[in-house]
>>> print(open('data.csv').read())   # CSV, C-alpha atoms
chain,number,residue,atom,x,y,z
D,1,MET,CA,0.0,0.0,0.0
D,2,ALA,CA,1.6,3.3,-1.1
D,3,SER,CA,1.8,5.9,1.6
D,4,PHE,CA,-0.6,8.8,1.2
D,5,TYR,CA,-0.1,10.0,4.8
D,6,GLU,CA,2.1,12.7,6.1
D,7,GLY,CA,5.3,11.3,7.5
D,8,PRO,CA,4.5,11.3,11.3
D,9,VAL,CA,1.0,9.8,10.7
D,10,GLN,CA,2.5,7.0,8.6
D,11,ARG,CA,5.2,6.3,11.2
D,12,LEU,CA,2.5,6.1,13.9
D,13,ILE,CA,0.5,3.6,11.8
D,14,ASP,CA,3.6,1.6,11.1
D,15,GLU,CA,4.5,1.4,14.8
D,16,PHE,CA,1.0,0.3,15.9
D,17,GLY,CA,0.9,-2.2,13.0
D,18,ARG,CA,3.9,-4.0,14.6
D,19,LEU,CA,2.0,-4.8,17.8
D,20,PRO,CA,0.4,-8.2,18.1
D,21,GLY,CA,-3.2,-8.5,16.9
D,22,ILE,CA,-3.2,-5.1,15.2
D,23,GLY,CA,-3.5,-5.2,11.4
D,24,PRO,CA,-3.1,-2.2,9.1
D,25,LYS,CA,-6.8,-1.2,9.3
D,26,SER,CA,-6.8,-1.2,13.1
D,27,ALA,CA,-3.5,0.7,13.2
D,28,GLN,CA,-5.1,3.4,10.9
D,29,ARG,CA,-8.2,3.5,13.1
D,30,ILE,CA,-6.0,4.0,16.2
D,31,ALA,CA,-3.9,6.7,14.5
D,32,TYR,CA,-7.1,8.7,13.6
D,33,TYR,CA,-8.3,8.2,17.2
D,34,LEU,CA,-5.0,9.6,18.5
D,35,LEU,CA,-5.1,12.5,16.0
D,36,LYS,CA,-8.5,13.5,17.4
D,37,ALA,CA,-7.7,12.7,21.1
D,38,ALA,CA,-6.9,15.3,23.6
D,39,PRO,CA,-3.1,16.0,23.7
D,40,GLU,CA,-2.9,14.9,27.4
D,41,ASP,CA,-4.6,11.5,26.6
D,42,ALA,CA,-2.0,10.8,23.9
D,43,ARG,CA,0.8,11.9,26.1
D,44,ARG,CA,-0.4,9.6,28.9
D,45,LEU,CA,-0.4,6.6,26.5
D,46,ALA,CA,3.2,7.4,25.4
D,47,ALA,CA,4.3,7.9,29.0
D,48,SER,CA,2.8,4.6,30.1
D,49,ILE,CA,4.9,2.8,27.5
D,50,VAL,CA,8.1,4.6,28.5
D,51,GLU,CA,7.3,4.0,32.2
D,52,VAL,CA,6.8,0.3,31.9
D,53,LYS,CA,10.2,-0.1,30.1
D,54,GLU,CA,11.9,2.0,32.7
D,55,LYS,CA,10.4,0.5,35.8
D,56,ILE,CA,9.4,-3.1,35.0
D,57,SER,CA,11.8,-6.0,34.6
D,58,TRP,CA,11.8,-9.7,35.4
D,59,CYS,CA,11.8,-10.9,39.0
D,60,ARG,CA,15.3,-12.2,39.6
D,61,ARG,CA,13.8,-15.2,41.6
D,62,CYS,CA,10.7,-16.3,39.7
D,63,PHE,CA,10.9,-14.3,36.4
D,64,ASN,CA,7.4,-12.9,36.9
D,65,ILE,CA,7.1,-9.2,36.0
D,66,ALA,CA,8.5,-7.1,38.8
D,67,GLU,CA,8.8,-3.4,39.8
D,68,GLY,CA,12.2,-3.6,41.4
D,69,GLU,CA,14.3,-6.7,41.8
D,70,GLU,CA,11.7,-9.1,43.1
D,71,CYS,CA,8.0,-9.4,42.3
D,72,ALA,CA,5.2,-8.8,44.8
D,73,ILE,CA,4.6,-12.5,45.3
D,74,CYS,CA,8.3,-13.3,46.0
D,75,ARG,CA,8.5,-10.3,48.4
D,76,ASP,CA,5.5,-11.6,50.3
D,77,THR,CA,7.0,-13.7,53.2
D,78,ARG,CA,3.6,-15.3,54.0
D,79,ARG,CA,3.6,-17.4,50.9
D,80,ASP,CA,4.5,-21.0,51.3
D,81,SER,CA,7.9,-21.6,49.8
D,82,THR,CA,7.6,-25.4,49.9
D,83,VAL,CA,5.1,-25.5,47.0
D,84,LEU,CA,6.2,-24.1,43.6
D,85,CYS,CA,3.8,-23.6,40.7
D,86,VAL,CA,5.6,-23.6,37.3
D,87,VAL,CA,3.8,-21.6,34.6
D,88,GLU,CA,4.6,-20.5,31.1
D,89,GLU,CA,4.0,-16.7,31.3
D,90,PRO,CA,3.3,-14.0,33.9
D,91,ARG,CA,-0.3,-13.8,32.8
D,92,ASP,CA,-0.8,-17.4,34.0
D,93,ILE,CA,0.1,-16.2,37.5
D,94,VAL,CA,-2.7,-13.6,37.2
D,95,ALA,CA,-5.1,-16.4,36.3
D,96,ILE,CA,-4.1,-18.6,39.1
D,97,GLU,CA,-4.1,-15.8,41.7
D,98,ARG,CA,-7.6,-15.0,40.7
D,99,THR,CA,-8.8,-18.4,42.0
D,100,GLN,CA,-7.4,-17.6,45.5
D,101,GLU,CA,-6.7,-21.3,45.8
D,102,PHE,CA,-2.9,-21.2,45.8
D,103,ARG,CA,-0.7,-19.8,48.6
D,104,GLY,CA,2.7,-21.1,47.3
D,105,ARG,CA,5.2,-19.5,45.0
D,106,TYR,CA,5.6,-19.4,41.3
D,107,HIS,CA,8.3,-20.0,38.6
D,108,VAL,CA,7.8,-18.5,35.2
D,109,LEU,CA,9.4,-20.4,32.3
D,110,GLN,CA,8.9,-17.5,29.9
D,111,GLY,CA,7.8,-19.9,27.1
D,112,THR,CA,7.4,-23.5,26.3
D,113,ILE,CA,9.6,-26.1,24.6
D,114,SER,CA,8.5,-25.9,21.0
D,115,PRO,CA,10.4,-27.8,18.3
D,116,ILE,CA,8.4,-26.0,15.6
D,117,GLU,CA,9.5,-22.6,16.8
D,118,GLY,CA,13.0,-23.9,17.6
D,119,VAL,CA,12.7,-23.3,21.4
D,120,GLY,CA,14.5,-25.9,23.5
D,121,PRO,CA,14.8,-26.3,27.3
D,122,ASP,CA,17.9,-24.0,27.3
D,123,GLN,CA,16.0,-21.0,26.2
D,124,LEU,CA,13.6,-21.4,29.1
D,125,ARG,CA,14.1,-20.5,32.8
D,126,ILE,CA,14.7,-24.2,33.7
D,127,LYS,CA,18.2,-23.9,35.0
D,128,ASP,CA,17.0,-21.1,37.4
D,129,LEU,CA,14.2,-23.5,38.5
D,130,LEU,CA,16.7,-26.2,39.3
D,131,HIS,CA,18.7,-23.8,41.4
D,132,ARG,CA,15.7,-22.6,43.4
D,133,ILE,CA,14.5,-26.1,44.4
D,134,PRO,CA,17.2,-26.9,47.0
D,135,GLU,CA,17.8,-23.3,47.9
D,136,GLU,CA,14.2,-22.7,48.9
D,137,GLY,CA,13.4,-26.1,50.3
D,138,VAL,CA,10.7,-26.9,47.7
D,139,GLU,CA,8.8,-30.1,48.3
D,140,GLU,CA,6.2,-30.0,45.6
D,141,VAL,CA,6.3,-28.7,42.1
D,142,ILE,CA,3.0,-28.2,40.3
D,143,LEU,CA,3.3,-28.2,36.5
D,144,ALA,CA,0.8,-25.6,35.4
D,145,THR,CA,1.8,-25.2,31.7
D,146,ASN,CA,-1.1,-25.1,29.3
D,147,PRO,CA,-2.9,-28.3,28.4
D,148,ASN,CA,-1.9,-28.0,24.7
D,149,THR,CA,0.9,-29.8,22.7
D,150,ASP,CA,3.7,-27.5,23.7
D,151,GLY,CA,2.6,-27.2,27.3
D,152,GLU,CA,2.3,-31.0,27.6
D,153,VAL,CA,5.7,-31.6,26.1
D,154,THR,CA,7.2,-29.0,28.5
D,155,ALA,CA,5.4,-30.6,31.5
D,156,MET,CA,6.7,-34.1,30.5
D,157,TYR,CA,10.2,-32.8,30.1
D,158,LEU,CA,10.1,-31.1,33.5
D,159,ALA,CA,8.6,-34.2,35.2
D,160,LYS,CA,11.5,-36.3,33.8
D,161,VAL,CA,14.1,-33.8,35.1
D,162,LEU,CA,12.4,-33.1,38.5
D,163,THR,CA,11.2,-36.6,39.7
D,164,PRO,CA,14.7,-37.9,40.3
D,165,LEU,CA,15.3,-35.1,42.8
D,166,GLY,CA,12.9,-36.8,45.2
D,167,LEU,CA,10.2,-34.1,44.8
D,168,ARG,CA,6.4,-34.5,44.6
D,169,VAL,CA,5.8,-33.5,41.0
D,170,THR,CA,2.1,-32.9,40.0
D,171,ARG,CA,0.2,-31.7,37.0
D,172,ILE,CA,-2.9,-29.6,37.0
D,173,ALA,CA,-6.0,-31.6,36.0
D,174,SER,CA,-7.5,-31.6,32.5
D,175,GLY,CA,-11.2,-32.2,32.1
D,176,LEU,CA,-14.5,-30.6,31.4
D,177,PRO,CA,-14.7,-26.9,32.3
D,178,VAL,CA,-17.1,-26.2,35.2
D,179,GLY,CA,-20.5,-25.2,33.7
D,180,GLY,CA,-19.6,-27.0,30.5
D,181,ASP,CA,-21.7,-29.5,28.6
D,182,LEU,CA,-20.7,-33.1,27.9
D,183,GLU,CA,-22.5,-32.8,24.5
D,184,TYR,CA,-20.3,-30.0,23.4
D,185,ALA,CA,-17.0,-31.2,24.8
D,186,ASP,CA,-14.3,-32.2,22.3
D,187,GLU,CA,-13.4,-35.9,22.5
D,188,VAL,CA,-9.8,-35.2,23.8
D,189,THR,CA,-11.1,-33.2,26.7
D,190,LEU,CA,-13.8,-35.7,27.5
D,191,GLY,CA,-11.2,-38.5,27.3
D,192,ARG,CA,-9.1,-36.6,29.8
D,193,ALA,CA,-12.1,-36.1,32.0
D,194,LEU,CA,-12.7,-39.9,32.1
D,195,GLU,CA,-9.0,-40.7,32.6
D,196,GLY,CA,-8.8,-38.3,35.5
D,197,ARG,CA,-12.0,-39.5,37.2
D,198,ARG,CA,-12.0,-39.6,41.0
D,199,VAL,CA,-13.8,-41.6,43.8
D,200,VAL,CA,-16.7,-39.6,45.2
D,201,ASP,CA,-17.2,-39.9,48.9
D,202,GLY,CA,-20.9,-40.6,49.4
U,1,MET,CA,-11.3,-7.5,37.3
U,2,ALA,CA,-9.1,-6.9,40.3
U,3,SER,CA,-5.6,-5.7,39.5
U,4,PHE,CA,-2.9,-8.3,40.0
U,5,TYR,CA,-0.3,-6.4,38.0
U,6,GLU,CA,2.4,-4.0,39.2
U,7,GLY,CA,1.2,-0.4,38.8
U,8,PRO,CA,3.0,0.5,35.6
U,9,VAL,CA,1.9,-2.7,33.8
U,10,GLN,CA,-1.7,-2.1,34.8
U,11,ARG,CA,-1.5,1.6,33.7
U,12,LEU,CA,-0.1,0.4,30.3
U,13,ILE,CA,-3.0,-2.1,29.9
U,14,ASP,CA,-5.5,0.5,30.9
U,15,GLU,CA,-4.1,3.0,28.4
U,16,PHE,CA,-4.2,0.5,25.5
U,17,GLY,CA,-7.6,-0.6,26.5
U,18,ARG,CA,-8.9,2.9,25.8
U,19,LEU,CA,-7.9,2.7,22.1
U,20,PRO,CA,-10.6,1.8,19.6
U,21,GLY,CA,-10.9,-1.9,18.8
U,22,ILE,CA,-8.6,-3.0,21.7
U,23,GLY,CA,-10.3,-5.0,24.4
U,24,PRO,CA,-8.8,-6.0,27.8
U,25,LYS,CA,-7.4,-9.2,26.4
U,26,SER,CA,-5.7,-7.5,23.5
U,27,ALA,CA,-4.4,-4.8,25.8
U,28,GLN,CA,-2.8,-7.4,28.0
U,29,ARG,CA,-1.3,-9.1,25.1
U,30,ILE,CA,0.2,-5.9,23.8
U,31,ALA,CA,1.5,-5.1,27.3
U,32,TYR,CA,3.4,-8.4,27.5
U,33,TYR,CA,4.7,-7.8,24.0
U,34,LEU,CA,6.1,-4.4,25.0
U,35,LEU,CA,7.6,-5.9,28.3
U,36,LYS,CA,9.5,-8.3,26.1
U,37,ALA,CA,10.3,-5.9,23.3
U,38,ALA,CA,13.7,-4.3,22.9
U,39,PRO,CA,13.7,-0.9,24.7
U,40,GLU,CA,14.4,1.0,21.5
U,41,ASP,CA,11.3,-0.5,19.8
U,42,ALA,CA,9.1,0.6,22.7
U,43,ARG,CA,10.7,4.0,22.8
U,44,ARG,CA,10.0,4.4,19.0
U,45,LEU,CA,6.3,3.6,19.5
U,46,ALA,CA,6.0,6.1,22.3
U,47,ALA,CA,7.9,8.7,20.3
U,48,SER,CA,5.7,8.3,17.3
U,49,ILE,CA,2.6,9.1,19.4
U,50,VAL,CA,4.2,12.2,20.8
U,51,GLU,CA,5.5,13.3,17.4
U,52,VAL,CA,2.1,13.0,15.7
U,53,LYS,CA,0.5,15.2,18.4
U,54,GLU,CA,3.2,17.8,18.1
U,55,LYS,CA,3.5,17.9,14.3
U,56,ILE,CA,0.1,17.0,12.9
U,57,SER,CA,-3.0,19.2,12.9
U,58,TRP,CA,-5.9,19.8,10.6
U,59,CYS,CA,-5.3,21.5,7.2
U,60,ARG,CA,-6.8,25.1,7.6
U,61,ARG,CA,-8.3,24.9,4.2
U,62,CYS,CA,-9.8,21.3,3.8
U,63,PHE,CA,-9.4,19.8,7.3
U,64,ASN,CA,-7.5,16.9,6.1
U,65,ILE,CA,-4.6,15.9,8.3
U,66,ALA,CA,-1.6,18.2,7.7
U,67,GLU,CA,2.0,18.6,8.7
U,68,GLY,CA,2.1,22.3,8.8
U,69,GLU,CA,-0.8,24.7,8.0
U,70,GLU,CA,-2.0,23.1,4.8
U,71,CYS,CA,-2.1,19.5,3.7
U,72,ALA,CA,0.0,18.1,0.8
U,73,ILE,CA,-3.0,18.1,-1.5
U,74,CYS,CA,-3.9,21.8,-0.8
U,75,ARG,CA,-0.3,22.8,-1.2
U,76,ASP,CA,-0.2,21.1,-4.7
U,77,THR,CA,-0.9,23.9,-7.2
U,78,ARG,CA,-1.5,21.4,-10.0
U,79,ARG,CA,-4.7,20.1,-8.4
U,80,ASP,CA,-7.9,21.3,-10.1
U,81,SER,CA,-9.6,23.8,-7.7
U,82,THR,CA,-12.9,23.9,-9.6
U,83,VAL,CA,-13.9,20.4,-8.5
U,84,LEU,CA,-14.3,19.7,-4.8
U,85,CYS,CA,-14.8,16.3,-3.4
U,86,VAL,CA,-16.5,16.3,0.1
U,87,VAL,CA,-15.7,13.3,2.3
U,88,GLU,CA,-16.4,12.4,5.9
U,89,GLU,CA,-12.9,11.7,7.2
U,90,PRO,CA,-9.2,12.0,6.1
U,91,ARG,CA,-9.0,8.2,5.5
U,92,ASP,CA,-11.6,8.6,2.7
U,93,ILE,CA,-9.1,10.9,0.9
U,94,VAL,CA,-6.6,8.1,1.1
U,95,ALA,CA,-9.1,5.7,-0.5
U,96,ILE,CA,-10.0,8.1,-3.3
U,97,GLU,CA,-6.4,9.1,-4.0
U,98,ARG,CA,-5.5,5.4,-4.4
U,99,THR,CA,-7.9,5.2,-7.4
U,100,GLN,CA,-5.8,7.9,-9.2
U,101,GLU,CA,-9.1,9.0,-10.8
U,102,PHE,CA,-9.5,12.3,-9.1
U,103,ARG,CA,-7.4,15.5,-9.7
U,104,GLY,CA,-9.5,18.0,-7.9
U,105,ARG,CA,-9.4,19.1,-4.2
U,106,TYR,CA,-11.1,17.8,-1.1
U,107,HIS,CA,-13.1,19.0,1.9
U,108,VAL,CA,-13.3,16.9,5.0
U,109,LEU,CA,-16.4,17.2,7.1
U,110,GLN,CA,-14.9,15.4,10.0
U,111,GLY,CA,-18.0,13.4,10.6
U,112,THR,CA,-21.6,13.0,9.5
U,113,ILE,CA,-24.9,14.4,10.5
U,114,SER,CA,-26.1,11.8,13.0
U,115,PRO,CA,-29.3,12.4,15.0
U,116,ILE,CA,-28.6,9.3,17.1
U,117,GLU,CA,-25.2,10.6,18.2
U,118,GLY,CA,-26.5,14.2,18.5
U,119,VAL,CA,-24.3,15.5,15.6
U,120,GLY,CA,-25.9,18.3,13.6
U,121,PRO,CA,-24.6,20.3,10.6
U,122,ASP,CA,-23.0,22.9,13.0
U,123,GLN,CA,-20.6,20.4,14.4
U,124,LEU,CA,-19.2,19.6,10.9
U,125,ARG,CA,-17.0,21.6,8.7
U,126,ILE,CA,-19.9,22.8,6.6
U,127,LYS,CA,-19.5,26.5,7.2
U,128,ASP,CA,-15.9,26.3,6.1
U,129,LEU,CA,-17.1,24.5,3.0
U,130,LEU,CA,-19.5,27.3,2.2
U,131,HIS,CA,-16.7,29.9,2.5
U,132,ARG,CA,-14.4,27.9,0.2
U,133,ILE,CA,-16.8,27.6,-2.7
U,134,PRO,CA,-16.9,31.3,-3.9
U,135,GLU,CA,-13.3,31.9,-2.7
U,136,GLU,CA,-11.8,29.1,-4.8
U,137,GLY,CA,-14.1,29.3,-7.8
U,138,VAL,CA,-15.6,25.8,-7.2
U,139,GLU,CA,-17.9,24.7,-10.1
U,140,GLU,CA,-18.7,21.1,-9.0
U,141,VAL,CA,-19.0,19.5,-5.6
U,142,ILE,CA,-18.9,15.7,-5.5
U,143,LEU,CA,-20.6,14.4,-2.4
U,144,ALA,CA,-18.5,11.3,-1.4
U,145,THR,CA,-19.9,10.6,2.0
U,146,ASN,CA,-20.4,6.9,2.8
U,147,PRO,CA,-23.5,5.1,1.2
U,148,ASN,CA,-25.0,4.4,4.6
U,149,THR,CA,-27.8,6.1,6.6
U,150,ASP,CA,-25.7,8.9,8.1
U,151,GLY,CA,-23.7,9.5,5.0
U,152,GLU,CA,-26.9,9.7,2.8
U,153,VAL,CA,-28.6,12.1,5.3
U,154,THR,CA,-25.4,14.3,5.2
U,155,ALA,CA,-25.3,14.2,1.4
U,156,MET,CA,-29.0,15.1,1.1
U,157,TYR,CA,-28.5,18.0,3.5
U,158,LEU,CA,-25.5,19.3,1.6
U,159,ALA,CA,-27.3,18.9,-1.8
U,160,LYS,CA,-30.1,21.1,-0.4
U,161,VAL,CA,-27.7,23.8,0.8
U,162,LEU,CA,-25.4,23.7,-2.2
U,163,THR,CA,-27.7,23.4,-5.2
U,164,PRO,CA,-29.2,27.0,-4.8
U,165,LEU,CA,-25.6,28.3,-5.2
U,166,GLY,CA,-25.8,27.4,-8.9
U,167,LEU,CA,-23.2,24.6,-8.6
U,168,ARG,CA,-23.1,21.2,-10.2
U,169,VAL,CA,-23.7,18.9,-7.2
U,170,THR,CA,-23.1,15.2,-7.8
U,171,ARG,CA,-23.2,12.1,-5.7
U,172,ILE,CA,-20.8,9.1,-6.1
U,173,ALA,CA,-22.6,6.0,-7.6
U,174,SER,CA,-23.9,3.2,-5.5
U,175,GLY,CA,-24.2,-0.3,-7.0
U,176,LEU,CA,-22.6,-3.7,-7.2
U,177,PRO,CA,-19.0,-3.8,-6.3
U,178,VAL,CA,-16.8,-4.7,-9.3
U,179,GLY,CA,-16.1,-8.4,-9.2
U,180,GLY,CA,-19.3,-8.9,-7.1
U,181,ASP,CA,-22.0,-11.3,-7.7
U,182,LEU,CA,-25.7,-10.5,-8.3
U,183,GLU,CA,-26.6,-13.6,-6.4
U,184,TYR,CA,-24.9,-12.4,-3.2
U,185,ALA,CA,-25.8,-8.7,-3.4
U,186,ASP,CA,-28.1,-7.4,-0.8
U,187,GLU,CA,-31.4,-6.1,-2.1
U,188,VAL,CA,-30.7,-2.5,-1.3
U,189,THR,CA,-27.5,-2.5,-3.2
U,190,LEU,CA,-29.1,-4.3,-6.1
U,191,GLY,CA,-31.9,-1.8,-6.1
U,192,ARG,CA,-29.5,1.0,-6.2
U,193,ALA,CA,-27.6,-0.7,-9.1
U,194,LEU,CA,-30.8,-0.9,-11.1
U,195,GLU,CA,-31.8,2.7,-10.2
U,196,GLY,CA,-28.4,4.0,-11.3
U,197,ARG,CA,-28.4,2.0,-14.6
U,198,ARG,CA,-26.8,3.7,-17.6
U,199,VAL,CA,-27.1,3.5,-21.4
U,200,VAL,CA,-24.3,1.4,-22.8
U,201,ASP,CA,-22.9,2.8,-26.1
U,202,GLY,CA,-22.8,-0.2,-28.4
>>> encode(input="data.csv", output="structure tokens")
Amino acid sequence: MASFYEGPVQRLIDEFGRLPGIGPKSAQRIAYYLLKAAPEDARRLAASIVEVKEKISWCRRCFNIAEGEECAICRDTRRDSTVLCVVEEPRDIVAIERTQEFRGRYHVLQGTISPIEGVGPDQLRIKDLLHRIPEEGVEEVILATNPNTDGEVTAMYLAKVLTPLGLRVTRIASGLPVGGDLEYADEVTLGRALEGRRVVDG
Amino acid sequence: MASFYEGPVQRLIDEFGRLPGIGPKSAQRIAYYLLKAAPEDARRLAASIVEVKEKISWCRRCFNIAEGEECAICRDTRRDSTVLCVVEEPRDIVAIERTQEFRGRYHVLQGTISPIEGVGPDQLRIKDLLHRIPEEGVEEVILATNPNTDGEVTAMYLAKVLTPLGLRVTRIASGLPVGGDLEYADEVTLGRALEGRRVVDG
């Protein structure tokens, strides 16, 4: 598409077009929105981008996002350090925290093993995980990677590495979502739900 | 949704969530992308927002976007000033310029008459349009607002105001899109295509 826009407008469209999930049409729509927006609104957006890059980095312990050296969860001394929940990304921590079911600590792999995208164990935060386990007296590691191909491969790899260390290694359950319908469940999920069935105390 | 994010991350998500077409999930995805992005890439995005607000304003003649007082089209003395194409937004100029069929000038209304959203003729750049017509010796005004309800209402209003000035007032054609299929055309479009039929020189 030839450029019919004045330089700064085209640059703005190009920059937004690089963000995930924003195509050229959306980028153009956002550019017009910003052209019409109050100057202070646009400035605040720009400032929030600069601020996040200046203030936020990775927690040196668990690789969650952190303002400062350690994230809020690692700084919280009331959390149980004997249970460690391994997740793919910081957003997974947000999802688990929302359940209010978990009082242990986390470790963020920052990705999954993915042969297709050429990501092996060395590109993930697995060495850091292995260092933490004896240092923090971890007794159980919960593998909470996503229940998809890459997540399963990563969980299987970690189980193989961690089990010989004499830890309890667990995997989050797969099955029917609560409120879901057997009729509409895919067969893999339903198969997992059957496989993971439990005795009901009656 | 309670905030589980460090302040600057949450602020970034909030700011992106205000942009058109970006929901909370997309905003979160973009925030993670920016957290992982190279600092110079994030800085460039922020700078492009600041730059556009500093350098770009509305062309004082046609209300297109302009770097400086007048837009590139108004500055171009080779453009035919006797034909004026009236559009809703600057992006419509980009669409028409892409056809390379039009060598006249433009006037951007910056919206449409919309009773539902409470926009009347006074909130559009119609007064400025009426000033331009005698000043620039305009002989034909092409009404190129969108062929939807608001665009049609706006075109009808302008036709009523402009025709008494002794101008040629035209409306862009509605009909089947080129490459389209009669079978799949909606009945309104097909009706317009019939209504707008022309004699074919054979």
>>> residues_around(input="data.csv", residues="range 59-76 of chain U", least_positions_apart="3", cutoff="9 Å", atoms="only C-alpha atoms", output="list in words")
Tyr5, Glu6, Gly7, Pro8, Val9 and Leu35 of chain D; Val52, Lys55, Ile56, Arg79, Glu89, Pro90, Arg91, Ile93, Arg105, Tyr106, His107, Val108, Leu109, Gln110, Arg125, Asp128, Leu129 and Arg132 of chain U
>>> interface_residues(input="data.csv", of="chain D", to="chain U", cutoff="8 Å", atoms="all atoms listed in the file", output="PDB file with C-alpha atoms, keeping the file's coordinate frame")
ATOM      1  CA  PHE D   4      -0.600   8.800   1.200  1.00  0.00           C
ATOM      2  CA  TYR D   5      -0.100  10.000   4.800  1.00  0.00           C
ATOM      3  CA  GLU D   6       2.100  12.700   6.100  1.00  0.00           C
ATOM      4  CA  PRO D   8       4.500  11.300  11.300  1.00  0.00           C
ATOM      5  CA  VAL D   9       1.000   9.800  10.700  1.00  0.00           C
ATOM      6  CA  ARG D  11       5.200   6.300  11.200  1.00  0.00           C
ATOM      7  CA  LEU D  12       2.500   6.100  13.900  1.00  0.00           C
ATOM      8  CA  GLU D  15       4.500   1.400  14.800  1.00  0.00           C
ATOM      9  CA  PHE D  16       1.000   0.300  15.900  1.00  0.00           C
ATOM     10  CA  LEU D  19       2.000  -4.800  17.800  1.00  0.00           C
ATOM     11  CA  PRO D  20       0.400  -8.200  18.100  1.00  0.00           C
ATOM     12  CA  GLY D  21      -3.200  -8.500  16.900  1.00  0.00           C
ATOM     13  CA  SER D  26      -6.800  -1.200  13.100  1.00  0.00           C
ATOM     14  CA  ARG D  29      -8.200   3.500  13.100  1.00  0.00           C
ATOM     15  CA  ILE D  30      -6.000   4.000  16.200  1.00  0.00           C
ATOM     16  CA  TYR D  33      -8.300   8.200  17.200  1.00  0.00           C
ATOM     17  CA  LEU D  34      -5.000   9.600  18.500  1.00  0.00           C
ATOM     18  CA  LEU D  35      -5.100  12.500  16.000  1.00  0.00           C
ATOM     19  CA  PRO D  39      -3.100  16.000  23.700  1.00  0.00           C
ATOM     20  CA  ALA D  42      -2.000  10.800  23.900  1.00  0.00           C
ATOM     21  CA  ARG D  43       0.800  11.900  26.100  1.00  0.00           C
ATOM     22  CA  ARG D  44      -0.400   9.600  28.900  1.00  0.00           C
ATOM     23  CA  LEU D  45      -0.400   6.600  26.500  1.00  0.00           C
ATOM     24  CA  ALA D  46       3.200   7.400  25.400  1.00  0.00           C
ATOM     25  CA  ALA D  47       4.300   7.900  29.000  1.00  0.00           C
ATOM     26  CA  SER D  48       2.800   4.600  30.100  1.00  0.00           C
ATOM     27  CA  ILE D  49       4.900   2.800  27.500  1.00  0.00           C
ATOM     28  CA  VAL D  50       8.100   4.600  28.500  1.00  0.00           C
ATOM     29  CA  GLU D  51       7.300   4.000  32.200  1.00  0.00           C
ATOM     30  CA  VAL D  52       6.800   0.300  31.900  1.00  0.00           C
ATOM     31  CA  LYS D  53      10.200  -0.100  30.100  1.00  0.00           C
ATOM     32  CA  LYS D  55      10.400   0.500  35.800  1.00  0.00           C
ATOM     33  CA  ILE D  56       9.400  -3.100  35.000  1.00  0.00           C
ATOM     34  CA  SER D  57      11.800  -6.000  34.600  1.00  0.00           C
ATOM     35  CA  ILE D  65       7.100  -9.200  36.000  1.00  0.00           C
ATOM     36  CA  ALA D  66       8.500  -7.100  38.800  1.00  0.00           C
ATOM     37  CA  GLU D  67       8.800  -3.400  39.800  1.00  0.00           C
ATOM     38  CA  ALA D  72       5.200  -8.800  44.800  1.00  0.00           C
ATOM     39  CA  VAL D  94      -2.700 -13.600  37.200  1.00  0.00           C
ATOM     40  CA  GLU D  97      -4.100 -15.800  41.700  1.00  0.00           C
TER      41      GLU D  97
END
>>> residues_around(input="data.csv", residues="Ala193 in chain D", least_positions_apart="5", cutoff="12 Å", atoms="only C-alpha atoms", output="list in words")
Ala173, Ser174, Gly175, Leu176, Pro177, Val178, Gly180, Leu182, Ala185, Asp186, Glu187, Val188 and Arg198 of chain D
>>> residues_around(input="data.csv", residues="Arg168 in chain D", least_positions_apart="5", cutoff="10 Å", atoms="all atoms listed in the file", output="list in words")
Val83, Val138, Glu139, Glu140, Val141, Ile142, Ala159, Leu162 and Thr163 of chain D
>>> closest_residue(input="data.csv", among="U:Asp80, U:Val169, U:Gly118, U:Val161", to="Gly104 in chain U", atoms="all atoms listed in the file")
U:Asp80
>>> atom_distance(input="data.csv", atom1="CA of Ser81 in chain U", atom2="CA of Thr149 in chain U")
29.1 Å
>>> atom_distance(input="data.csv", atom1="CA of Ser114 in chain U", atom2="CA of Leu143 in chain U")
16.6 Å
>>> atom_distance(input="data.csv", atom1="CA of Ala144 in chain U", atom2="CA of Thr82 in chain U")
16.0 Å
>>> residues_around(input="data.csv", residues="Pro115 in chain U", least_positions_apart="2", cutoff="12 Å", atoms="all atoms listed in the file", output="list in words")
Thr112, Ile113, Glu117, Gly118, Val119, Gly120, Pro121, Gln123, Thr149, Asp150, Gly151, Val153 and Thr154 of chain U
